[in-house]
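Visitor: Structure below; questions to follow.
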Amino acid sequence: MTWIRTVGVEEAAGRLARTYRQAVERAGRVFGIVRAMSLHPQMLDASMGLYLAIMKTDAGHLSGRQREMLATVVSRVNDCHY
């Protein structure tokens with residue numbers, strides 16, 4: 001398994017600390033997929049913005065459940081445990 005250096009929740013500061021707080025508010029904790037981008041908070045924020053725009057929007061014809069189902073299927077097909 002690949003090892004990626006990350007910034008822990010307790011050592012995050014500034015922009016990253018704010019992003020981590022938002023993650024906890026949204027999901028109850030900071031998941032590994034978020035910490036994987038912690039060395040580049042600007043990219044992390046851009047990635048989270050894209051995720052939120054796709055998954056948490058009211059626009060379009062798919063429900064939130066359908067979006068989550070599609071994300072799960074795509075992750076499974078790609079052999080991604082996230």
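By convention in this document, the chains of the structure tokens carry letters A, B, ... by their order, each chain's residues are numbered from 1, and ligands are numbered from 1 in the order they are shown.
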Run DSSP on the backbone and grab whatever in chain A lands in alpha helix (DSSP H); send it over as a PyMOL selection string.
Guide: chain A and resi 14-27+32-35+41-55+64-77
Visitor: What's around Gln22 (chain A) at 12 Å? Count only C-alpha atoms, leave out sequence neighbours fewer than 2 positions away in its own chain, and write the answer as a compact mmCIF listing (two decimals) with N, CA and C atoms, in the first residue's frame.
Guide:
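The file below, around04.txt, is the result:
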```
# COMPACT_ATOMS: atom_id res chain seq x y z
N VAL A 9 -5.10 16.21 12.14
CA VAL A 9 -6.09 17.19 12.57
C VAL A 9 -5.52 18.09 13.66
N ARG A 15 -5.71 27.75 6.85
CA ARG A 15 -6.69 27.28 5.86
C ARG A 15 -7.01 25.80 6.04
N LEU A 16 -5.99 24.99 6.29
CA LEU A 16 -6.21 23.56 6.45
C LEU A 16 -7.05 23.28 7.69
N ALA A 17 -6.79 23.97 8.78
CA ALA A 17 -7.59 23.79 10.00
C ALA A 17 -9.05 24.12 9.73
N ARG A 18 -9.29 25.18 8.98
CA ARG A 18 -10.66 25.57 8.63
C ARG A 18 -11.32 24.48 7.77
N THR A 19 -10.59 23.96 6.80
CA THR A 19 -11.11 22.89 5.93
C THR A 19 -11.42 21.64 6.75
N TYR A 20 -10.54 21.30 7.68
CA TYR A 20 -10.78 20.14 8.54
C TYR A 20 -12.02 20.35 9.40
N VAL A 24 -15.40 17.97 9.54
CA VAL A 24 -16.00 17.41 10.75
C VAL A 24 -17.47 17.81 10.85
N GLU A 25 -17.78 19.05 10.51
CA GLU A 25 -19.18 19.50 10.52
C GLU A 25 -20.02 18.72 9.52
N ARG A 26 -19.44 18.41 8.37
CA ARG A 26 -20.15 17.73 7.30
C ARG A 26 -20.28 16.22 7.55
N ALA A 27 -19.19 15.61 8.02
CA ALA A 27 -19.15 14.15 8.06
C ALA A 27 -18.86 13.56 9.43
N GLY A 28 -18.61 14.41 10.42
CA GLY A 28 -18.34 13.91 11.76
C GLY A 28 -16.88 13.61 12.04
N ARG A 29 -16.05 13.63 11.02
CA ARG A 29 -14.62 13.40 11.18
C ARG A 29 -13.90 13.76 9.89
N VAL A 30 -12.58 13.73 9.93
CA VAL A 30 -11.76 14.00 8.74
C VAL A 30 -11.33 12.66 8.18
N PHE A 31 -11.88 12.29 7.06
CA PHE A 31 -11.56 11.00 6.45
C PHE A 31 -10.19 11.03 5.76
N VAL A 34 -9.53 13.01 2.59
CA VAL A 34 -9.33 14.45 2.79
C VAL A 34 -7.90 14.70 3.27
N ASP A 45 -9.20 22.22 -1.12
CA ASP A 45 -10.42 23.02 -1.17
C ASP A 45 -11.07 22.97 -2.55
N MET A 48 -12.71 19.54 -2.87
CA MET A 48 -13.93 19.47 -2.06
C MET A 48 -15.04 20.30 -2.69
N GLY A 49 -14.68 21.43 -3.29
CA GLY A 49 -15.67 22.25 -3.99
C GLY A 49 -16.32 21.49 -5.13
N LEU A 52 -18.60 18.75 -3.63
CA LEU A 52 -19.85 19.30 -3.11
C LEU A 52 -20.77 19.75 -4.25
```
Visitor: Find the residues around Ile33 (chain A) up to 10 Å (only C-alpha atoms counted), leave out those fewer than 3 positions away in its own chain, and share them as JSON, numbers by chain.
Guide: {"A": [30, 36, 37, 38, 44, 82]}
Visitor: Mind writing the picked residues with N, CA and C atoms as a CSV table (one decimal), in the first residue's frame?
Guide:
```csv
chain,number,residue,atom,x,y,z
A,30,VAL,N,-12.6,13.7,9.9
A,30,VAL,CA,-11.8,14.0,8.7
A,30,VAL,C,-11.3,12.7,8.2
A,36,ALA,N,-5.4,13.0,2.7
A,36,ALA,CA,-4.4,12.7,1.6
A,36,ALA,C,-4.0,13.9,0.8
A,37,MET,N,-4.8,15.0,0.8
A,37,MET,CA,-4.5,16.2,0.1
A,37,MET,C,-4.1,17.3,1.1
A,38,SER,N,-3.8,17.0,2.3
A,38,SER,CA,-3.6,18.0,3.3
A,38,SER,C,-2.3,18.8,3.1
A,44,LEU,N,-6.9,20.8,-2.0
A,44,LEU,CA,-7.9,20.1,-1.2
A,44,LEU,C,-9.3,20.9,-1.3
A,82,TYR,N,-12.4,3.9,-1.1
A,82,TYR,CA,-13.1,5.2,-0.6
A,82,TYR,C,-14.4,5.3,-1.3
```
Visitor: CA of Tyr51 (chain A) and CA of Val73 (chain A) are how many Å apart?
Guide: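 The value is 16.2 Å.
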Visitor: Measuring between only C-alpha atoms, which one of A:Lys56, A:Arg35, A:His61, A:Arg67 shows the shortest distance to Glu11 (chain A)?
Guide: A:Arg35
Visitor: Which is closest to Met55 (chain A) among A:Met43, A:Cys80, A:Leu70, A:Ile4, if we use only C-alpha atoms?
Guide: A:Leu70
Visitor: Can you work out the spacing between CA of Val77 (chain A) and CA of Arg65 (chain A) in Å, to one decimal?
Guide: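 These two atoms are separated by 18.4 Å.
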